[in-house]
Amino acid sequence: MEKVRLGRTELMVTKTAFGALPIQRIPRADAVKLVRRAFDAGINYFDTANAYTDSEEKLGEALEGIRYEAVISTKSMGRDKATVLRHIEQSLRSLRTDCIDLFQFHNPAELPDIEDPDGPFAAALEMKQKGYIRHIGITNHRLHIAQAAIDSGNFETLQFPFCYLTTDKELGLVEACRGADMGYIAMKGLSGGLLNNAEACYVFMKQYPNVVPIWGIQHEWELDQWLELAKRDPGMTPEIQAVIEADRKELVGSFCRSCGYCLPCAAGIDIPQAARMSALLRRSPYQKYMSDEWHAKMHQIENCVHCDACKSRCPYGLDTPNLLVEMLKDYDAFYAEHHAGT
């Protein structure tokens with residue numbers, strides 16, 4: 001399986017990597033089996049986080065005995081030294097290891113200050129000096145934070161959303177990381193489930209040699225899909241290009257990436273799902289959204305108090321309140337036509 005140098009970390013990781021967020025949703029035995037099967041098939045890079053409930057524990061059990069044949073990255077959302085130290089210590093226990101290959105600050109709202117003796121960066125530096133972590137990176141959803149991280153020179157990797165719906169600004173981060181010799185880890189390669197042609201997503205990522213996509217894997221069929229693509233290693237074709245262009249035409253612009261940074265909502269609206277409902281209805285099995293539960297969820301939009309908190313928090317600059325109104329209007333029309341058939 002193709003391996004990629006993860007920037008100046010010098011870690012050699014498989015271009016097809018395993019995002020371990022989804023394994024928190026499946027039973028422990030199933031998760032362990034899935035991860036071990038991925039490793040046995042050639043995947044050597046696994047990404048998790050302290051915040052992903054029991055993902056680290058499942059990963060630790062699956063990789064026990066072969067730990068140092070794999071590369072593991074994890075994350076902390078801690079905002080001070082004491083919290084990050086505690087998180088790293090817990091991650092070491094959960095992952096059943098004495099060293100984390102790549103520790104990442106998990107989507108901070110501002111860049112961690114390397115000079116703050118009581119800040120989160122101080123914890124990472126201390127644990128690196130003691131040998132408990134090997135490399136330090138950062139994840140984010142905000143362009144300005146990502147660019148600041150690159151410019152600072154303090155981080156060895158950047159993890160950022162990247163897929164074929166990306167803008168020129170986001171493409172610029174890929175090039176900036178290449179120039180700074182930072183590893184670029186691509187999350188949300190399927191745009192939170194909006195993209196449903198795995199081959200098109202794979203081929204797009206292949207065009208960027210310094211990008212390592214972490215595919216979120218929960219089911220055996222998902223693992224099979226990525227393993228088959230890695231083995232066949234398809235290139236760009238007119239047919240794949242047509243798929244990408246059609247998806248871009250439909251989705252680029254005011255589509256919600258479902259990152260969740262708009263939450264919490266004062267009116268209790270499930271914004272990350274409701275704000276992309278039109279696409280979900282047409283690009284995935286729609287029947288579950290015809291339930292009484294989802295009908296009620298969508299009509300929570302009518303209780304919006306127009307505080308604009310969601311709009312102010314959106315890292316992509318969406319006019320979320322107006323987008324929600326449009327989503328409800330479309331949902332009601334779709335519900336009227338399809339509800340009887342569920």
# chains A, B, ... in the order shown; residues from 1 in each chain; ligands from 1
$ residues_around --residues "range 200-206 of chain A" --least-positions-apart "2" --cutoff "8 Å" --atoms "only C-alpha atoms" --output "ChimeraX atom specification"
/A:163-164,189-190,195,197-198,208-209,211-213,229,234-236,240-241,243-244
$ write_last_selection --atoms "N, CA and C atoms" --output "compact mmCIF listing (two decimals), in the first residue's frame"
# COMPACT_ATOMS: atom_id res chain seq x y z
N CYS A 163 -11.81 18.04 0.53
CA CYS A 163 -12.48 17.13 -0.39
C CYS A 163 -12.62 17.86 -1.72
N TYR A 164 -13.28 17.25 -2.69
CA TYR A 164 -13.34 17.90 -4.00
C TYR A 164 -14.38 19.03 -4.08
N GLY A 189 -13.22 13.83 4.09
CA GLY A 189 -13.01 13.59 2.67
C GLY A 189 -14.28 13.28 1.91
N LEU A 190 -15.32 12.87 2.64
CA LEU A 190 -16.64 12.62 2.04
C LEU A 190 -17.61 13.75 2.38
N LEU A 195 -20.87 13.36 -0.05
CA LEU A 195 -20.28 12.77 -1.24
C LEU A 195 -20.40 11.25 -1.13
N ASN A 197 -19.61 8.99 -3.87
CA ASN A 197 -18.83 8.25 -4.86
C ASN A 197 -17.41 8.13 -4.32
N ALA A 198 -17.12 6.99 -3.67
CA ALA A 198 -15.83 6.82 -3.02
C ALA A 198 -14.68 6.89 -4.02
N TYR A 208 -2.91 14.98 -4.90
CA TYR A 208 -2.14 15.79 -3.96
C TYR A 208 -1.21 14.88 -3.16
N PRO A 209 0.04 14.74 -3.61
CA PRO A 209 0.96 13.77 -2.99
C PRO A 209 1.22 14.01 -1.51
N VAL A 211 -0.99 15.05 0.72
CA VAL A 211 -2.22 14.97 1.50
C VAL A 211 -2.49 13.53 1.91
N VAL A 212 -2.76 13.33 3.21
CA VAL A 212 -3.10 12.01 3.74
C VAL A 212 -4.55 12.04 4.21
N PRO A 213 -5.48 11.45 3.46
CA PRO A 213 -6.87 11.44 3.91
C PRO A 213 -7.11 10.36 4.96
N LEU A 229 -10.04 0.16 -3.51
CA LEU A 229 -9.56 1.32 -4.25
C LEU A 229 -8.04 1.46 -4.13
N PRO A 234 -7.18 3.65 -8.97
CA PRO A 234 -7.66 4.27 -10.22
C PRO A 234 -7.17 5.71 -10.37
N GLY A 235 -7.10 6.17 -11.61
CA GLY A 235 -6.75 7.55 -11.89
C GLY A 235 -7.96 8.31 -12.41
N MET A 236 -7.75 9.58 -12.70
CA MET A 236 -8.83 10.43 -13.19
C MET A 236 -9.27 9.98 -14.58
N ILE A 240 -15.19 10.13 -14.04
CA ILE A 240 -14.99 10.60 -12.66
C ILE A 240 -15.00 12.12 -12.62
N GLN A 241 -14.38 12.76 -13.59
CA GLN A 241 -14.38 14.21 -13.66
C GLN A 241 -15.80 14.76 -13.75
N VAL A 243 -18.50 13.33 -12.54
CA VAL A 243 -19.11 13.18 -11.21
C VAL A 243 -18.70 14.34 -10.32
N ILE A 244 -17.41 14.66 -10.32
CA ILE A 244 -16.90 15.74 -9.48
C ILE A 244 -17.52 17.08 -9.89
$ select_by_dssp --residues "range 107-270 of chain A" --states "strand (DSSP E)" --output "JSON, numbers by chain"
{"A": [133, 134, 135, 136, 137, 138, 139, 157, 158, 159, 160, 161, 183, 184, 185, 186, 187, 211, 212, 213, 214, 215, 216]}
$ write_last_selection --atoms "N, CA, C and O atoms" --output "PDB file, in the first residue's frame"
ATOM      1  N   ILE A 133       5.334  11.807  23.710  1.00  0.00           N
ATOM      2  CA  ILE A 133       4.824  12.094  22.372  1.00  0.00           C
ATOM      3  C   ILE A 133       6.021  12.402  21.469  1.00  0.00           C
ATOM      4  O   ILE A 133       7.043  12.920  21.923  1.00  0.00           O
ATOM      5  N   ARG A 134       5.868  12.090  20.182  1.00  0.00           N
ATOM      6  CA  ARG A 134       6.987  12.267  19.257  1.00  0.00           C
ATOM      7  C   ARG A 134       6.866  13.548  18.439  1.00  0.00           C
ATOM      8  O   ARG A 134       7.862  14.195  18.135  1.00  0.00           O
ATOM      9  N   HIS A 135       5.630  13.914  18.066  1.00  0.00           N
ATOM     10  CA  HIS A 135       5.431  15.059  17.184  1.00  0.00           C
ATOM     11  C   HIS A 135       4.175  15.821  17.610  1.00  0.00           C
ATOM     12  O   HIS A 135       3.260  15.247  18.214  1.00  0.00           O
ATOM     13  N   ILE A 136       4.129  17.113  17.258  1.00  0.00           N
ATOM     14  CA  ILE A 136       3.028  17.993  17.660  1.00  0.00           C
ATOM     15  C   ILE A 136       2.364  18.603  16.432  1.00  0.00           C
ATOM     16  O   ILE A 136       3.037  19.186  15.573  1.00  0.00           O
ATOM     17  N   GLY A 137       1.043  18.458  16.347  1.00  0.00           N
ATOM     18  CA  GLY A 137       0.277  19.025  15.237  1.00  0.00           C
ATOM     19  C   GLY A 137      -0.963  19.740  15.742  1.00  0.00           C
ATOM     20  O   GLY A 137      -1.168  19.892  16.951  1.00  0.00           O
ATOM     21  N   ILE A 138      -1.800  20.138  14.810  1.00  0.00           N
ATOM     22  CA  ILE A 138      -3.020  20.883  15.151  1.00  0.00           C
ATOM     23  C   ILE A 138      -4.116  20.522  14.161  1.00  0.00           C
ATOM     24  O   ILE A 138      -3.844  20.232  12.992  1.00  0.00           O
ATOM     25  N   THR A 139      -5.356  20.503  14.619  1.00  0.00           N
ATOM     26  CA  THR A 139      -6.501  20.332  13.732  1.00  0.00           C
ATOM     27  C   THR A 139      -7.357  21.588  13.827  1.00  0.00           C
ATOM     28  O   THR A 139      -7.379  22.260  14.861  1.00  0.00           O
ATOM     29  N   THR A 157       2.249  19.194  11.748  1.00  0.00           N
ATOM     30  CA  THR A 157       1.161  18.750  10.874  1.00  0.00           C
ATOM     31  C   THR A 157      -0.045  19.659  11.047  1.00  0.00           C
ATOM     32  O   THR A 157      -0.233  20.293  12.081  1.00  0.00           O
ATOM     33  N   LEU A 158      -0.870  19.672  10.000  1.00  0.00           N
ATOM     34  CA  LEU A 158      -2.177  20.332  10.036  1.00  0.00           C
ATOM     35  C   LEU A 158      -3.221  19.332   9.587  1.00  0.00           C
ATOM     36  O   LEU A 158      -3.052  18.666   8.560  1.00  0.00           O
ATOM     37  N   GLN A 159      -4.310  19.221  10.357  1.00  0.00           N
ATOM     38  CA  GLN A 159      -5.462  18.420   9.928  1.00  0.00           C
ATOM     39  C   GLN A 159      -6.608  19.387   9.659  1.00  0.00           C
ATOM     40  O   GLN A 159      -6.965  20.197  10.523  1.00  0.00           O
ATOM     41  N   PHE A 160      -7.177  19.298   8.458  1.00  0.00           N
ATOM     42  CA  PHE A 160      -8.169  20.275   8.019  1.00  0.00           C
ATOM     43  C   PHE A 160      -9.145  19.590   7.074  1.00  0.00           C
ATOM     44  O   PHE A 160      -8.786  18.642   6.376  1.00  0.00           O
ATOM     45  N   PRO A 161     -10.423  20.065   7.008  1.00  0.00           N
ATOM     46  CA  PRO A 161     -11.367  19.476   6.051  1.00  0.00           C
ATOM     47  C   PRO A 161     -10.875  19.664   4.612  1.00  0.00           C
ATOM     48  O   PRO A 161     -10.427  20.751   4.238  1.00  0.00           O
ATOM     49  N   GLY A 183       3.091  18.115   7.456  1.00  0.00           N
ATOM     50  CA  GLY A 183       2.178  17.085   7.000  1.00  0.00           C
ATOM     51  C   GLY A 183       0.768  17.639   6.906  1.00  0.00           C
ATOM     52  O   GLY A 183       0.357  18.440   7.753  1.00  0.00           O
ATOM     53  N   TYR A 184       0.026  17.236   5.875  1.00  0.00           N
ATOM     54  CA  TYR A 184      -1.369  17.679   5.715  1.00  0.00           C
ATOM     55  C   TYR A 184      -2.267  16.448   5.816  1.00  0.00           C
ATOM     56  O   TYR A 184      -2.195  15.537   4.985  1.00  0.00           O
ATOM     57  N   ILE A 185      -3.101  16.436   6.848  1.00  0.00           N
ATOM     58  CA  ILE A 185      -4.029  15.332   7.093  1.00  0.00           C
ATOM     59  C   ILE A 185      -5.427  15.816   6.742  1.00  0.00           C
ATOM     60  O   ILE A 185      -5.905  16.808   7.293  1.00  0.00           O
ATOM     61  N   ALA A 186      -6.063  15.138   5.809  1.00  0.00           N
ATOM     62  CA  ALA A 186      -7.371  15.573   5.312  1.00  0.00           C
ATOM     63  C   ALA A 186      -8.494  14.854   6.048  1.00  0.00           C
ATOM     64  O   ALA A 186      -8.615  13.635   5.988  1.00  0.00           O
ATOM     65  N   MET A 187      -9.311  15.635   6.764  1.00  0.00           N
ATOM     66  CA  MET A 187     -10.527  15.075   7.368  1.00  0.00           C
ATOM     67  C   MET A 187     -11.728  15.440   6.497  1.00  0.00           C
ATOM     68  O   MET A 187     -11.644  16.292   5.614  1.00  0.00           O
ATOM     69  N   VAL A 211      -0.985  15.055   0.720  1.00  0.00           N
ATOM     70  CA  VAL A 211      -2.225  14.970   1.499  1.00  0.00           C
ATOM     71  C   VAL A 211      -2.490  13.529   1.914  1.00  0.00           C
ATOM     72  O   VAL A 211      -2.470  12.616   1.076  1.00  0.00           O
ATOM     73  N   VAL A 212      -2.760  13.331   3.205  1.00  0.00           N
ATOM     74  CA  VAL A 212      -3.104  12.007   3.738  1.00  0.00           C
ATOM     75  C   VAL A 212      -4.551  12.039   4.212  1.00  0.00           C
ATOM     76  O   VAL A 212      -4.847  12.620   5.261  1.00  0.00           O
ATOM     77  N   PRO A 213      -5.475  11.450   3.460  1.00  0.00           N
ATOM     78  CA  PRO A 213      -6.872  11.439   3.912  1.00  0.00           C
ATOM     79  C   PRO A 213      -7.107  10.364   4.963  1.00  0.00           C
ATOM     80  O   PRO A 213      -6.632   9.240   4.839  1.00  0.00           O
ATOM     81  N   ILE A 214      -7.818  10.721   6.023  1.00  0.00           N
ATOM     82  CA  ILE A 214      -8.249   9.739   7.017  1.00  0.00           C
ATOM     83  C   ILE A 214      -9.735   9.474   6.769  1.00  0.00           C
ATOM     84  O   ILE A 214     -10.575  10.330   7.001  1.00  0.00           O
ATOM     85  N   TRP A 215     -10.025   8.299   6.272  1.00  0.00           N
ATOM     86  CA  TRP A 215     -11.407   7.929   5.960  1.00  0.00           C
ATOM     87  C   TRP A 215     -12.065   7.373   7.215  1.00  0.00           C
ATOM     88  O   TRP A 215     -11.575   6.423   7.817  1.00  0.00           O
ATOM     89  N   GLY A 216     -13.175   7.964   7.628  1.00  0.00           N
ATOM     90  CA  GLY A 216     -13.912   7.456   8.784  1.00  0.00           C
ATOM     91  C   GLY A 216     -14.525   6.110   8.458  1.00  0.00           C
ATOM     92  O   GLY A 216     -15.311   5.992   7.517  1.00  0.00           O
TER      93      GLY A 216
END
$ closest_residue --among "A:Pro112, A:Gly179, A:Gly153, A:Gly260" --to "Cys314 in chain A" --atoms "only C-alpha atoms"
A:Gly260
$ residues_around --residues "Asp98 in chain A" --least-positions-apart "5" --cutoff "10 Å" --atoms "only C-alpha atoms" --output "compact mmCIF listing (two decimals) with N, CA and C atoms, in the first residue's frame"
# COMPACT_ATOMS: atom_id res chain seq x y z
N ARG A 67 1.79 -2.62 18.18
CA ARG A 67 1.69 -1.17 18.33
C ARG A 67 2.73 -0.41 17.52
N GLU A 89 -1.93 11.71 29.40
CA GLU A 89 -1.75 10.55 30.28
C GLU A 89 -2.86 9.53 30.09
N SER A 91 -4.71 9.18 27.36
CA SER A 91 -4.56 8.61 26.02
C SER A 91 -3.51 7.50 26.02
N LEU A 92 -2.41 7.70 26.72
CA LEU A 92 -1.37 6.67 26.80
C LEU A 92 -1.92 5.38 27.40
N ARG A 93 -2.73 5.53 28.46
CA ARG A 93 -3.33 4.35 29.09
C ARG A 93 -4.33 3.69 28.16
N GLY A 131 9.49 12.14 26.20
CA GLY A 131 9.42 10.99 25.31
C GLY A 131 8.05 10.35 25.18
N TYR A 132 7.02 11.00 25.73
CA TYR A 132 5.68 10.41 25.68
C TYR A 132 4.93 10.75 24.38
N ILE A 133 5.33 11.81 23.71
CA ILE A 133 4.82 12.09 22.37
C ILE A 133 6.02 12.40 21.47
$ residues_around --residues "Leu63 in chain A" --least-positions-apart "3" --cutoff "12 Å" --atoms "only C-alpha atoms" --output "PyMOL selection string"
chain A and resi 31-40+43-46+56-60+66-72+94-97
$ write_last_selection --atoms "C-alpha atoms" --output "PDB file, in the first residue's frame"
ATOM      1  CA  ALA A  31     -14.313  -2.364  16.478  1.00  0.00           C
ATOM      2  CA  VAL A  32     -11.259  -4.386  17.476  1.00  0.00           C
ATOM      3  CA  LYS A  33     -11.846  -6.816  14.617  1.00  0.00           C
ATOM      4  CA  LEU A  34     -12.302  -3.976  12.118  1.00  0.00           C
ATOM      5  CA  VAL A  35      -9.137  -2.125  13.136  1.00  0.00           C
ATOM      6  CA  ARG A  36      -7.030  -5.284  13.203  1.00  0.00           C
ATOM      7  CA  ARG A  37      -8.319  -6.278   9.778  1.00  0.00           C
ATOM      8  CA  ALA A  38      -7.381  -2.847   8.434  1.00  0.00           C
ATOM      9  CA  PHE A  39      -3.865  -3.228   9.818  1.00  0.00           C
ATOM     10  CA  ASP A  40      -3.490  -6.752   8.445  1.00  0.00           C
ATOM     11  CA  ILE A  43      -3.162   0.314   6.627  1.00  0.00           C
ATOM     12  CA  ASN A  44      -0.624   1.636   9.122  1.00  0.00           C
ATOM     13  CA  TYR A  45      -2.015   5.039  10.158  1.00  0.00           C
ATOM     14  CA  PHE A  46      -4.870   5.405  12.665  1.00  0.00           C
ATOM     15  CA  GLU A  56      -8.824   5.164  21.944  1.00  0.00           C
ATOM     16  CA  GLU A  57      -9.536   2.116  24.117  1.00  0.00           C
ATOM     17  CA  LYS A  58     -10.772   0.080  21.148  1.00  0.00           C
ATOM     18  CA  LEU A  59      -7.804   1.134  19.062  1.00  0.00           C
ATOM     19  CA  GLY A  60      -5.413   0.268  21.870  1.00  0.00           C
ATOM     20  CA  ILE A  66       1.773  -4.711  16.968  1.00  0.00           C
ATOM     21  CA  ARG A  67       1.693  -1.166  18.330  1.00  0.00           C
ATOM     22  CA  TYR A  68       5.031  -0.050  16.934  1.00  0.00           C
ATOM     23  CA  GLU A  69       4.252  -1.304  13.457  1.00  0.00           C
ATOM     24  CA  ALA A  70       1.492   1.314  13.345  1.00  0.00           C
ATOM     25  CA  VAL A  71       1.364   5.114  13.517  1.00  0.00           C
ATOM     26  CA  ILE A  72      -1.191   6.569  15.939  1.00  0.00           C
ATOM     27  CA  SER A  94      -6.252   3.929  26.705  1.00  0.00           C
ATOM     28  CA  LEU A  95      -4.023   3.287  23.690  1.00  0.00           C
ATOM     29  CA  ARG A  96      -1.893   0.832  25.701  1.00  0.00           C
ATOM     30  CA  THR A  97       1.293   2.536  24.619  1.00  0.00           C
TER      31      THR A  97
END
